[in-house]
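Engineer: Next comes coords-v5.cif, mmCIF, C-alpha atoms:
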data_run
#
loop_
_atom_site.group_PDB
_atom_site.id
_atom_site.type_symbol
_atom_site.label_atom_id
_atom_site.label_comp_id
_atom_site.auth_asym_id
_atom_site.auth_seq_id
_atom_site.Cartn_x
_atom_site.Cartn_y
_atom_site.Cartn_z
ATOM 1 C CA MET A 1 7.574 14.794 -13.609
ATOM 2 C CA MET A 2 8.845 11.929 -15.723
ATOM 3 C CA GLN A 3 8.264 12.270 -19.454
ATOM 4 C CA PHE A 4 7.369 9.238 -21.581
ATOM 5 C CA VAL A 5 8.412 8.779 -25.215
ATOM 6 C CA VAL A 6 7.258 5.973 -27.516
ATOM 7 C CA ARG A 7 10.444 4.547 -29.001
ATOM 8 C CA ILE A 8 9.953 3.257 -32.554
ATOM 9 C CA HIS A 9 12.343 1.143 -34.620
ATOM 10 C CA GLN A 10 10.666 1.658 -37.986
ATOM 11 C CA SER A 11 12.339 -1.126 -39.969
ATOM 12 C CA GLY A 12 9.678 -2.648 -42.205
ATOM 13 C CA TRP A 13 7.090 0.023 -41.378
ATOM 14 C CA THR A 14 5.189 2.216 -43.810
ATOM 15 C CA TYR A 15 4.752 5.932 -43.247
ATOM 16 C CA SER A 16 1.005 5.449 -42.727
ATOM 17 C CA GLN A 17 1.736 3.014 -39.865
ATOM 18 C CA LEU A 18 4.050 5.574 -38.292
ATOM 19 C CA GLU A 19 1.448 8.304 -38.530
ATOM 20 C CA LYS A 20 -1.216 6.093 -36.946
ATOM 21 C CA VAL A 21 1.028 5.182 -33.990
ATOM 22 C CA TRP A 22 2.197 8.780 -33.471
ATOM 23 C CA GLN A 23 -1.338 10.151 -33.508
ATOM 24 C CA GLU A 24 -2.546 7.456 -31.115
ATOM 25 C CA SER A 25 0.436 8.136 -28.835
ATOM 26 C CA GLU A 26 -0.555 11.792 -28.687
ATOM 27 C CA ARG A 27 -4.204 10.948 -28.001
ATOM 28 C CA LEU A 28 -3.187 8.626 -25.157
ATOM 29 C CA GLY A 29 -1.087 11.279 -23.442
ATOM 30 C CA TYR A 30 2.498 10.281 -24.178
ATOM 31 C CA ASP A 31 4.968 13.165 -24.251
ATOM 32 C CA GLY A 32 6.948 12.253 -27.353
ATOM 33 C CA ALA A 33 7.845 9.685 -29.976
ATOM 34 C CA SER A 34 11.122 8.766 -31.627
ATOM 35 C CA LEU A 35 12.511 7.132 -34.762
ATOM 36 C CA TYR A 36 15.911 5.567 -35.332
ATOM 37 C CA ASP A 37 18.456 6.492 -38.000
ATOM 38 C CA VAL A 38 19.579 3.288 -39.742
ATOM 39 C CA LEU A 39 20.252 3.615 -43.463
ATOM 40 C CA ALA A 40 20.167 -0.091 -44.286
ATOM 41 C CA ALA A 41 16.873 -0.792 -42.515
ATOM 42 C CA PRO A 42 13.840 -0.903 -44.841
ATOM 43 C CA GLY A 43 11.390 1.793 -43.905
ATOM 44 C CA PRO A 44 11.046 5.587 -43.811
ATOM 45 C CA GLU A 45 14.185 7.718 -43.446
ATOM 46 C CA CYS A 46 14.411 9.196 -39.967
ATOM 47 C CA TRP A 47 14.520 12.980 -40.475
ATOM 48 C CA THR A 48 12.129 13.106 -43.430
ATOM 49 C CA ALA A 49 9.543 11.065 -41.544
ATOM 50 C CA LEU A 50 10.010 13.120 -38.360
ATOM 51 C CA THR A 51 9.340 16.298 -40.301
ATOM 52 C CA ALA A 52 6.081 14.949 -41.699
ATOM 53 C CA LEU A 53 5.013 13.516 -38.332
ATOM 54 C CA THR A 54 5.378 16.853 -36.545
ATOM 55 C CA LYS A 55 2.745 18.205 -38.932
ATOM 56 C CA ALA A 56 0.472 15.214 -38.260
ATOM 57 C CA THR A 57 0.559 15.887 -34.488
ATOM 58 C CA GLN A 58 0.238 18.958 -32.276
ATOM 59 C CA LYS A 59 1.920 18.160 -28.951
ATOM 60 C CA LEU A 60 4.344 15.241 -29.236
ATOM 61 C CA VAL A 61 8.054 15.992 -28.903
ATOM 62 C CA ALA A 62 9.795 14.503 -31.952
ATOM 63 C CA VAL A 63 13.116 12.768 -31.293
ATOM 64 C CA PRO A 64 15.583 11.183 -33.706
ATOM 65 C CA LEU A 65 17.105 8.507 -31.462
ATOM 66 C CA VAL A 66 19.740 9.108 -32.625
ATOM 67 C CA LEU A 67 20.990 10.784 -35.802
ATOM 68 C CA SER A 68 24.250 9.168 -36.885
ATOM 69 C CA ASN A 69 26.767 12.017 -36.951
ATOM 70 C CA PRO A 70 28.914 10.474 -39.740
ATOM 71 C CA TYR A 71 25.942 10.510 -42.136
ATOM 72 C CA ARG A 72 25.536 14.311 -42.279
ATOM 73 C CA HIS A 73 27.704 17.409 -41.831
ATOM 74 C CA PRO A 74 26.779 19.207 -38.577
ATOM 75 C CA ALA A 75 26.177 22.500 -40.398
ATOM 76 C CA VAL A 76 23.490 20.727 -42.433
ATOM 77 C CA VAL A 77 21.974 19.125 -39.326
ATOM 78 C CA ALA A 78 22.008 22.484 -37.517
ATOM 79 C CA LYS A 79 19.993 24.088 -40.300
ATOM 80 C CA MET A 80 17.611 21.143 -40.539
ATOM 81 C CA ALA A 81 17.009 21.254 -36.787
ATOM 82 C CA ALA A 82 16.567 25.037 -36.639
ATOM 83 C CA THR A 83 14.068 24.888 -39.499
ATOM 84 C CA LEU A 84 11.981 22.088 -38.018
ATOM 85 C CA ASP A 85 12.208 23.535 -34.497
ATOM 86 C CA ALA A 86 10.627 26.732 -35.784
ATOM 87 C CA ALA A 87 8.065 24.921 -37.943
ATOM 88 C CA CYS A 88 6.740 22.800 -35.056
ATOM 89 C CA SER A 89 6.977 25.474 -32.333
ATOM 90 C CA GLY A 90 9.821 23.924 -30.371
ATOM 91 C CA ARG A 91 8.782 20.270 -30.336
ATOM 92 C CA ILE A 92 12.179 18.887 -31.370
ATOM 93 C CA MET A 93 14.722 17.121 -29.177
ATOM 94 C CA LEU A 94 17.811 16.667 -31.334
ATOM 95 C CA GLY A 95 19.212 13.218 -30.633
ATOM 96 C CA LEU A 96 22.788 12.735 -31.845
ATOM 97 C CA GLY A 97 25.168 9.791 -31.777
ATOM 98 C CA ALA A 98 28.552 8.747 -33.097
ATOM 99 C CA GLY A 99 27.026 6.082 -35.359
ATOM 100 C CA GLY A 100 26.782 2.403 -34.603
ATOM 101 C CA SER A 101 27.013 0.376 -37.821
ATOM 102 C CA ALA A 102 30.297 -0.226 -39.593
ATOM 103 C CA ASP A 103 28.410 -2.607 -41.916
ATOM 104 C CA ASP A 104 26.116 0.215 -43.055
ATOM 105 C CA ALA A 105 29.092 2.463 -43.661
ATOM 106 C CA ALA A 106 30.777 -0.212 -45.757
ATOM 107 C CA ALA A 107 27.578 -0.910 -47.700
ATOM 108 C CA PHE A 108 27.203 2.738 -48.693
ATOM 109 C CA GLY A 109 30.886 3.577 -49.109
ATOM 110 C CA MET A 110 31.104 5.935 -46.124
ATOM 111 C CA PRO A 111 34.309 6.539 -44.163
ATOM 112 C CA TRP A 112 34.194 4.966 -40.712
ATOM 113 C CA PRO A 113 36.899 6.099 -38.258
ATOM 114 C CA SER A 114 37.468 4.376 -34.935
ATOM 115 C CA ASP A 115 34.938 4.637 -32.092
ATOM 116 C CA ARG A 116 37.180 7.104 -30.249
ATOM 117 C CA GLN A 117 37.553 9.303 -33.320
ATOM 118 C CA ARG A 118 33.830 9.288 -34.114
ATOM 119 C CA ILE A 119 32.968 10.221 -30.533
ATOM 120 C CA ALA A 120 35.489 13.081 -30.594
ATOM 121 C CA ALA A 121 33.962 14.265 -33.884
ATOM 122 C CA LEU A 122 30.512 14.150 -32.271
ATOM 123 C CA GLY A 123 31.640 16.587 -29.587
ATOM 124 C CA GLU A 124 32.940 18.967 -32.243
ATOM 125 C CA ALA A 125 29.702 18.593 -34.198
ATOM 126 C CA VAL A 126 27.656 19.841 -31.243
ATOM 127 C CA GLU A 127 30.008 22.814 -30.865
ATOM 128 C CA VAL A 128 29.501 23.646 -34.550
ATOM 129 C CA MET A 129 25.725 23.452 -34.185
ATOM 130 C CA ARG A 130 25.615 25.633 -31.090
ATOM 131 C CA THR A 131 27.869 28.183 -32.798
ATOM 132 C CA LEU A 132 25.461 28.386 -35.727
ATOM 133 C CA TRP A 133 22.339 28.510 -33.547
ATOM 134 C CA SER A 134 23.804 31.325 -31.471
ATOM 135 C CA GLY A 135 24.504 33.603 -34.445
ATOM 136 C CA GLY A 136 27.331 32.011 -36.394
ATOM 137 C CA GLY A 137 31.052 32.662 -36.442
ATOM 138 C CA SER A 138 34.245 30.670 -36.720
ATOM 139 C CA PHE A 139 35.270 27.316 -35.294
ATOM 140 C CA THR A 140 38.519 25.403 -35.685
ATOM 141 C CA GLY A 141 38.543 21.729 -34.793
ATOM 142 C CA ARG A 142 40.179 18.550 -35.981
ATOM 143 C CA TRP A 143 37.069 17.364 -37.808
ATOM 144 C CA TYR A 144 35.108 20.512 -38.604
ATOM 145 C CA GLN A 145 35.843 24.157 -39.345
ATOM 146 C CA LEU A 146 33.713 27.283 -39.721
ATOM 147 C CA ARG A 147 35.038 30.520 -41.198
ATOM 148 C CA ASP A 148 32.796 33.495 -40.453
ATOM 149 C CA ALA A 149 29.817 31.253 -41.104
ATOM 150 C CA PRO A 150 26.401 32.954 -40.938
ATOM 151 C CA GLY A 151 24.090 31.696 -38.199
ATOM 152 C CA TYR A 152 20.685 30.077 -38.412
ATOM 153 C CA PRO A 153 18.209 32.400 -36.688
ATOM 154 C CA GLY A 154 14.531 31.635 -36.330
ATOM 155 C CA ALA A 155 14.505 28.491 -34.191
ATOM 156 C CA ALA A 156 11.803 28.322 -31.524
ATOM 157 C CA TRP A 157 14.502 28.592 -28.835
ATOM 158 C CA PRO A 158 17.325 31.143 -29.239
ATOM 159 C CA GLU A 159 19.916 28.575 -28.216
ATOM 160 C CA GLY A 160 18.484 25.972 -30.583
ATOM 161 C CA PRO A 161 16.657 22.745 -29.702
ATOM 162 C CA PRO A 162 17.773 20.657 -26.714
ATOM 163 C CA VAL A 163 20.522 18.205 -27.643
ATOM 164 C CA LEU A 164 20.417 14.581 -26.531
ATOM 165 C CA ILE A 165 23.592 12.537 -26.936
ATOM 166 C CA GLY A 166 23.128 8.789 -27.006
ATOM 167 C CA GLY A 167 25.353 5.749 -27.262
ATOM 168 C CA HIS A 168 27.671 3.595 -25.192
ATOM 169 C CA GLY A 169 30.984 3.690 -23.392
ATOM 170 C CA PRO A 170 33.042 5.957 -21.128
ATOM 171 C CA ASN A 171 34.234 8.278 -23.881
ATOM 172 C CA LEU A 172 30.664 9.033 -24.877
ATOM 173 C CA LEU A 173 29.808 9.781 -21.237
ATOM 174 C CA ARG A 174 32.456 12.506 -21.201
ATOM 175 C CA ILE A 175 31.167 14.027 -24.437
ATOM 176 C CA ALA A 176 27.565 13.959 -23.206
ATOM 177 C CA ALA A 177 28.506 15.552 -19.887
ATOM 178 C CA ARG A 178 30.373 18.327 -21.694
ATOM 179 C CA HIS A 179 27.983 19.082 -24.558
ATOM 180 C CA ALA A 180 24.489 17.608 -24.120
ATOM 181 C CA ASP A 181 21.277 18.727 -22.470
ATOM 182 C CA LEU A 182 20.230 15.087 -22.065
ATOM 183 C CA CYS A 183 22.159 11.823 -21.951
ATOM 184 C CA ASN A 184 20.916 8.474 -23.305
ATOM 185 C CA ILE A 185 23.094 5.479 -22.418
ATOM 186 C CA GLY A 186 22.445 1.752 -22.761
ATOM 187 C CA PHE A 187 19.196 -0.210 -22.559
ATOM 188 C CA ASP A 188 17.217 -1.660 -19.638
ATOM 189 C CA LEU A 189 19.745 -0.385 -17.105
ATOM 190 C CA SER A 190 19.157 -1.118 -13.438
ATOM 191 C CA VAL A 191 18.577 1.498 -10.756
ATOM 192 C CA ASN A 192 22.047 0.724 -9.396
ATOM 193 C CA ASP A 193 23.519 1.295 -12.856
ATOM 194 C CA TRP A 194 21.912 4.735 -12.905
ATOM 195 C CA HIS A 195 23.231 5.659 -9.483
ATOM 196 C CA GLY A 196 26.739 4.848 -10.712
ATOM 197 C CA LEU A 197 26.315 6.584 -14.059
ATOM 198 C CA ARG A 198 24.876 9.660 -12.380
ATOM 199 C CA ARG A 199 27.997 9.989 -10.221
ATOM 200 C CA ARG A 200 30.307 9.557 -13.218
ATOM 201 C CA LEU A 201 28.371 12.059 -15.300
ATOM 202 C CA ALA A 202 28.423 14.532 -12.415
ATOM 203 C CA ASP A 203 32.216 14.199 -12.217
ATOM 204 C CA HIS A 204 32.588 14.756 -15.961
ATOM 205 C CA ALA A 205 30.201 17.709 -15.876
ATOM 206 C CA GLY A 206 32.195 19.272 -13.044
ATOM 207 C CA GLU A 207 35.412 18.871 -15.049
ATOM 208 C CA ALA A 208 33.691 20.721 -17.909
ATOM 209 C CA GLY A 209 32.559 23.525 -15.600
ATOM 210 C CA ARG A 210 28.893 22.494 -15.732
ATOM 211 C CA SER A 211 26.373 21.866 -12.995
ATOM 212 C CA PRO A 212 25.382 18.170 -12.919
ATOM 213 C CA ASP A 213 21.755 19.283 -12.666
ATOM 214 C CA SER A 214 21.996 20.799 -16.156
ATOM 215 C CA LEU A 215 22.192 17.286 -17.691
ATOM 216 C CA GLY A 216 18.958 15.298 -17.949
ATOM 217 C CA LEU A 217 19.045 11.501 -17.757
ATOM 218 C CA THR A 218 16.965 9.432 -20.197
ATOM 219 C CA HIS A 219 16.267 5.714 -19.855
ATOM 220 C CA ASN A 220 15.527 3.124 -22.571
ATOM 221 C CA ALA A 221 13.115 0.392 -21.516
ATOM 222 C CA THR A 222 11.646 -2.741 -23.034
ATOM 223 C CA VAL A 223 7.943 -2.898 -22.119
ATOM 224 C CA LEU A 224 6.073 -6.167 -21.539
ATOM 225 C CA LEU A 225 2.994 -5.278 -19.522
ATOM 226 C CA GLY A 226 0.671 -8.022 -18.306
ATOM 227 C CA ALA A 227 -2.658 -7.942 -16.501
ATOM 228 C CA ASP A 228 -1.382 -10.491 -13.980
ATOM 229 C CA GLU A 229 1.621 -12.751 -13.354
ATOM 230 C CA ALA A 230 0.377 -15.421 -15.771
ATOM 231 C CA ASP A 231 -0.082 -12.852 -18.533
ATOM 232 C CA VAL A 232 3.418 -11.492 -17.928
ATOM 233 C CA ALA A 233 4.870 -15.016 -18.092
ATOM 234 C CA GLU A 234 3.129 -15.646 -21.419
ATOM 235 C CA GLN A 235 4.422 -12.379 -22.872
ATOM 236 C CA VAL A 236 7.967 -13.232 -21.799
ATOM 237 C CA SER A 237 7.612 -16.649 -23.461
ATOM 238 C CA GLN A 238 6.447 -15.057 -26.705
ATOM 239 C CA TRP A 239 9.251 -12.489 -26.529
ATOM 240 C CA ALA A 240 11.763 -15.345 -26.106
ATOM 241 C CA ARG A 241 10.346 -17.368 -29.023
ATOM 242 C CA ARG A 242 10.488 -14.394 -31.399
ATOM 243 C CA ARG A 243 14.193 -14.028 -30.633
ATOM 244 C CA GLY A 244 15.111 -17.692 -30.556
ATOM 245 C CA LEU A 245 15.944 -17.570 -26.841
ATOM 246 C CA THR A 246 15.244 -19.932 -23.990
ATOM 247 C CA GLU A 247 12.870 -18.563 -21.372
ATOM 248 C CA GLU A 248 15.738 -18.530 -18.890
ATOM 249 C CA ALA A 249 17.860 -16.400 -21.224
ATOM 250 C CA ALA A 250 14.913 -14.098 -21.915
ATOM 251 C CA ARG A 251 14.216 -13.571 -18.220
ATOM 252 C CA SER A 252 17.872 -12.773 -17.655
ATOM 253 C CA ARG A 253 17.818 -10.163 -20.423
ATOM 254 C CA LEU A 254 14.571 -8.682 -19.130
ATOM 255 C CA ARG A 255 15.447 -8.608 -15.422
ATOM 256 C CA HIS A 256 15.662 -4.790 -15.429
ATOM 257 C CA ALA A 257 13.083 -4.180 -18.167
ATOM 258 C CA LEU A 258 9.586 -2.831 -17.581
ATOM 259 C CA ALA A 259 8.271 -6.387 -17.636
ATOM 260 C CA GLY A 260 5.532 -7.027 -15.120
ATOM 261 C CA THR A 261 2.089 -6.079 -13.925
ATOM 262 C CA PRO A 262 1.079 -2.396 -13.860
ATOM 263 C CA SER A 263 1.877 -2.079 -10.150
ATOM 264 C CA GLN A 264 5.302 -3.691 -10.610
ATOM 265 C CA VAL A 265 6.101 -1.419 -13.566
ATOM 266 C CA ARG A 266 5.012 1.699 -11.660
ATOM 267 C CA GLU A 267 7.272 0.692 -8.768
ATOM 268 C CA ARG A 268 10.278 0.314 -11.098
ATOM 269 C CA LEU A 269 9.590 3.658 -12.725
ATOM 270 C CA ARG A 270 9.393 5.418 -9.365
ATOM 271 C CA ALA A 271 12.751 3.879 -8.419
ATOM 272 C CA LEU A 272 14.242 5.132 -11.691
ATOM 273 C CA GLU A 273 12.836 8.588 -11.039
ATOM 274 C CA ALA A 274 14.433 8.575 -7.589
ATOM 275 C CA ALA A 275 17.732 7.682 -9.276
ATOM 276 C CA GLY A 276 17.498 10.836 -11.398
ATOM 277 C CA VAL A 277 15.869 9.621 -14.623
ATOM 278 C CA SER A 278 13.599 12.274 -16.128
ATOM 279 C CA TRP A 279 12.702 10.841 -19.573
ATOM 280 C CA VAL A 280 11.804 7.225 -20.380
ATOM 281 C CA PHE A 281 11.893 5.878 -23.943
ATOM 282 C CA LEU A 282 9.461 2.960 -24.135
ATOM 283 C CA LEU A 283 10.053 0.139 -26.643
ATOM 284 C CA PHE A 284 6.738 -1.711 -27.029
ATOM 285 C CA ASP A 285 7.359 -5.114 -28.549
ATOM 286 C CA GLY A 286 4.034 -5.366 -30.369
ATOM 287 C CA LEU A 287 4.087 -2.153 -32.413
ATOM 288 C CA PRO A 288 2.601 -1.171 -34.824
ATOM 289 C CA SER A 289 -0.216 -3.065 -33.086
ATOM 290 C CA LEU A 290 -1.641 -0.632 -30.511
ATOM 291 C CA GLY A 291 -2.587 -2.960 -27.639
ATOM 292 C CA GLY A 292 0.529 -2.523 -25.495
ATOM 293 C CA LEU A 293 0.641 1.212 -26.141
ATOM 294 C CA ARG A 294 -2.936 1.616 -24.948
ATOM 295 C CA SER A 295 -2.585 -0.704 -21.951
ATOM 296 C CA PHE A 296 0.444 1.195 -20.619
ATOM 297 C CA ALA A 297 -1.321 4.529 -21.082
ATOM 298 C CA GLU A 298 -4.440 3.298 -19.278
ATOM 299 C CA THR A 299 -2.856 1.413 -16.368
ATOM 300 C CA VAL A 300 0.560 2.995 -15.728
ATOM 301 C CA LEU A 301 0.611 6.615 -16.911
ATOM 302 C CA PRO A 302 -2.287 7.938 -14.805
ATOM 303 C CA ASP A 303 -0.484 7.189 -11.527
ATOM 304 C CA LEU A 304 2.756 8.820 -12.712
#
What is this file in structure tokens?

Structural biologist:
Amino acid sequence: MMQFVVRIHQSGWTYSQLEKVWQESERLGYDGASLYDVLAAPGPECWTALTALTKATQKLVAVPLVLSNPYRHPAVVAKMAATLDAACSGRIMLGLGAGGSADDAAAFGMPWPSDRQRIAALGEAVEVMRTLWSGGGSFTGRWYQLRDAPGYPGAAWPEGPPVLIGGHGPNLLRIAARHADLCNIGFDLSVNDWHGLRRRLADHAGEAGRSPDSLGLTHNATVLLGADEADVAEQVSQWARRRGLTEEAARSRLRHALAGTPSQVRERLRALEAAGVSWVFLLFDGLPSLGGLRSFAETVLPDL
């Protein structure tokens, strides 16, 4: 079955707003909720808020989408993740990425290697984490080293939480296929895009000695759900105005989004499922207002 995660970009939010949306998401039957990791954005810090939100809920899978690897040493992240995984009985999916904001790095005085270097470091970071989750030991890489490092026992799963790698580009695809349990690439991709990506990921997984079926595919989707065609058209118009776009430009951007009536959205989701997508991260434009969240849960989720 497909799993549905409420994707939250918490810039400008308060913690109390986050808690309200997470608790309502759980009540409505969503499978998880996520936060993003952007230092410069005003609002709660990703991992701290996730930790608190797992205690405010009982069933939701908590996902940082995604932790910026350059912000934190992987040994620190491994211990953070093992601790929270145990504390919330295995409800963590550890989303990791190579980092996407050179401006943030400059603002806070952080080193910022090239895209290729940061993606290579991300692969090493996952190896460090899995070494520590599996009992500790030594690791020698270009970016990170362990020397008889003690492990981090006590996580809900002996191998540690599932790792999601997210981002963009062919180099990241190779890293995800080699190291991740789940892959998160792009936004509002088409079914044809997923068929192509699935083949490429399968090739990379085979080169790494992995079964392609061991890598889950996760899809990011903008959600504009209308009761009928006129309602959908009005929501697209509002979406365009908020972004300073013409309606034509907005419709072009949204051509593969979950923008439509409930029956149209269900049809698109079934096509994505047939293409191999197992998790869908839903970006509701109106949050923290709960109308879109509730409408999707009432009219789309029951049939899926």

Engineer: Run the PyMOL selection byres ((chain A and resi 260) around 7) on the file and write out the hits as a compact mmCIF listing (two decimals) with C-alpha atoms, in the coordinates of the input.

Structural biologist:
# COMPACT_ATOMS: atom_id res chain seq x y z
CA LEU A 224 6.07 -6.17 -21.54
CA LEU A 225 2.99 -5.28 -19.52
CA GLY A 226 0.67 -8.02 -18.31
CA VAL A 232 3.42 -11.49 -17.93
CA LEU A 258 9.59 -2.83 -17.58
CA ALA A 259 8.27 -6.39 -17.64
CA THR A 261 2.09 -6.08 -13.92
CA PRO A 262 1.08 -2.40 -13.86
CA GLN A 264 5.30 -3.69 -10.61
CA VAL A 265 6.10 -1.42 -13.57

Engineer: For each of A:Ile8, A:Val76, A:Cys88, A:Val126, take the minimum atom-to-atom distance to A:Ala52, counting only C-alpha atoms, then give the residue where this is smallest.

Structural biologist: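 Comparing A:Ile8, A:Val76, A:Cys88, A:Val126 against A:Ala52, the winner is A:Cys88.
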
Engineer: What lies within 9 Å of stretch 134-148 of chain A using all atoms listed in the file, ignoring chain neighbours under 5 positions off, as an MDAnalysis selection string?

Structural biologist: chainID A and resid 73:75 120:121 124:125 127:129 153 158:160

Engineer: Please, what distance in Å, to one decimal, runs between atom CA of A:Ile119 and atom CA of A:Ala106?

Structural biologist: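 Between these atoms lies a distance of 18.6 Å.
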
Engineer: Enumerate, as a ChimeraX atom specification, the residues matched when the PyMOL selection byres ((chain A and resi 89) around 10) is run on the file above.

Structural biologist: /A:54,58-59,84-88,90-92,155-157

Engineer: Just how far from atom CA of A:Trp13 is atom CA of A:Pro42, in Å to one decimal?

Structural biologist: 7.6 Å

Engineer: Please write the residues picked by the PyMOL selection byres ((chain A and resi 27-31) around 12) on this file as a PyMOL selection string.

Structural biologist: chain A and resi 1-7+20-26+32-34+57-63+91-93+278-282+290-302+304

Engineer: Name the closest residue to A:Ala249 among the candidates A:Ala40, A:Val236, A:Ala274, A:Ala56; distances are taken between atoms, counting all atoms listed in the file.

Structural biologist: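 Of the candidates, the smallest distance to A:Ala249 is held by A:Val236.
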
Engineer: Residues of stretch 65-174 of chain A that have any atom at most 12 Å from an atom of stretch 204-208 of chain A: could you tabulate them with the shortest-distance atom pair and the distance in Å to one decimal, using all atoms listed in the file, ordered by chain and increasing number, as a tab-separated table?

Structural biologist:
residue	atom	partner	partner_atom	distance
A:Pro170	CA	A:His204	CA	10.2
A:Asn171	CA	A:His204	CA	10.4
A:Leu172	CA	A:His204	CA	10.8
A:Leu173	CA	A:His204	CA	7.8
A:Arg174	CA	A:His204	CA	5.7

Engineer: How big is the axis-aligned box, and where does its centre sit, when it encloses all atoms of stretch 80-93 of chain A listed in the file and has 5 Å added on every side, reported in Å to one decimal as AutoDock Vina command-line options?

Structural biologist:
--center_x 12.2 --center_y 21.9 --center_z -34.9 --size_x 20.9 --size_y 19.6 --size_z 21.4

Engineer: What's around A:Ala176 at 9 Å? Count all atoms listed in the file, leave out sequence neighbours fewer than 3 positions away in its own chain, and write the answer as an mmCIF file with C-alpha atoms, in the coordinates of the input.

Structural biologist:
data_model
loop_
_atom_site.group_PDB
_atom_site.id
_atom_site.type_symbol
_atom_site.label_atom_id
_atom_site.label_comp_id
_atom_site.auth_asym_id
_atom_site.auth_seq_id
_atom_site.Cartn_x
_atom_site.Cartn_y
_atom_site.Cartn_z
ATOM 1 C CA GLY A 123 31.640 16.587 -29.587
ATOM 2 C CA LEU A 164 20.417 14.581 -26.531
ATOM 3 C CA ILE A 165 23.592 12.537 -26.936
ATOM 4 C CA GLY A 166 23.128 8.789 -27.006
ATOM 5 C CA ASN A 171 34.234 8.278 -23.881
ATOM 6 C CA LEU A 172 30.664 9.033 -24.877
ATOM 7 C CA LEU A 173 29.808 9.781 -21.237
ATOM 8 C CA HIS A 179 27.983 19.082 -24.558
ATOM 9 C CA ALA A 180 24.489 17.608 -24.120
ATOM 10 C CA ASP A 181 21.277 18.727 -22.470
ATOM 11 C CA LEU A 182 20.230 15.087 -22.065
ATOM 12 C CA CYS A 183 22.159 11.823 -21.951
ATOM 13 C CA ASN A 184 20.916 8.474 -23.305
ATOM 14 C CA LEU A 201 28.371 12.059 -15.300
ATOM 15 C CA HIS A 204 32.588 14.756 -15.961
ATOM 16 C CA ALA A 205 30.201 17.709 -15.876
ATOM 17 C CA LEU A 215 22.192 17.286 -17.691
#

Engineer: So how far away is atom CA of A:Ala98 from atom CA of A:Arg118, in Å?

Structural biologist: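 Spanning atom CA of A:Arg118 to atom CA of A:Ala98 is a straight-line distance of 5.4 Å.
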
Engineer: Could you check which of A:Leu132, A:Leu254, A:Asp203, A:Asp228 is closest to A:Asp188, using only C-alpha atoms?

Structural biologist: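 Closest residue, counting only C-alpha atoms: A:Leu254.
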
Engineer: Write out as a PyMOL selection string each polymer residue whose atoms come within 9 Å of A:Leu35, counting only C-alpha atoms; drop sequence neighbours fewer than 3 positions from it.

Structural biologist: chain A and resi 7-10+45-47+49-50+62-66

Engineer: Nearest to A:Ser101 among A:Ser214, A:Thr83, A:Asn69, A:Thr131, with distances taken over only C-alpha atoms: which residue is it?

Structural biologist: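 Answer, going by the shortest atom-to-atom distance: A:Asn69.
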
Engineer: With a distance cut-off of 7 Å and only C-alpha atoms, select the neighbouring residues of A:Val277, excluding the residue or stretch itself and same-chain residues fewer than 5 positions from it, and output the selection as a PyMOL selection string.

Structural biologist: chain A and resi 217-219+272
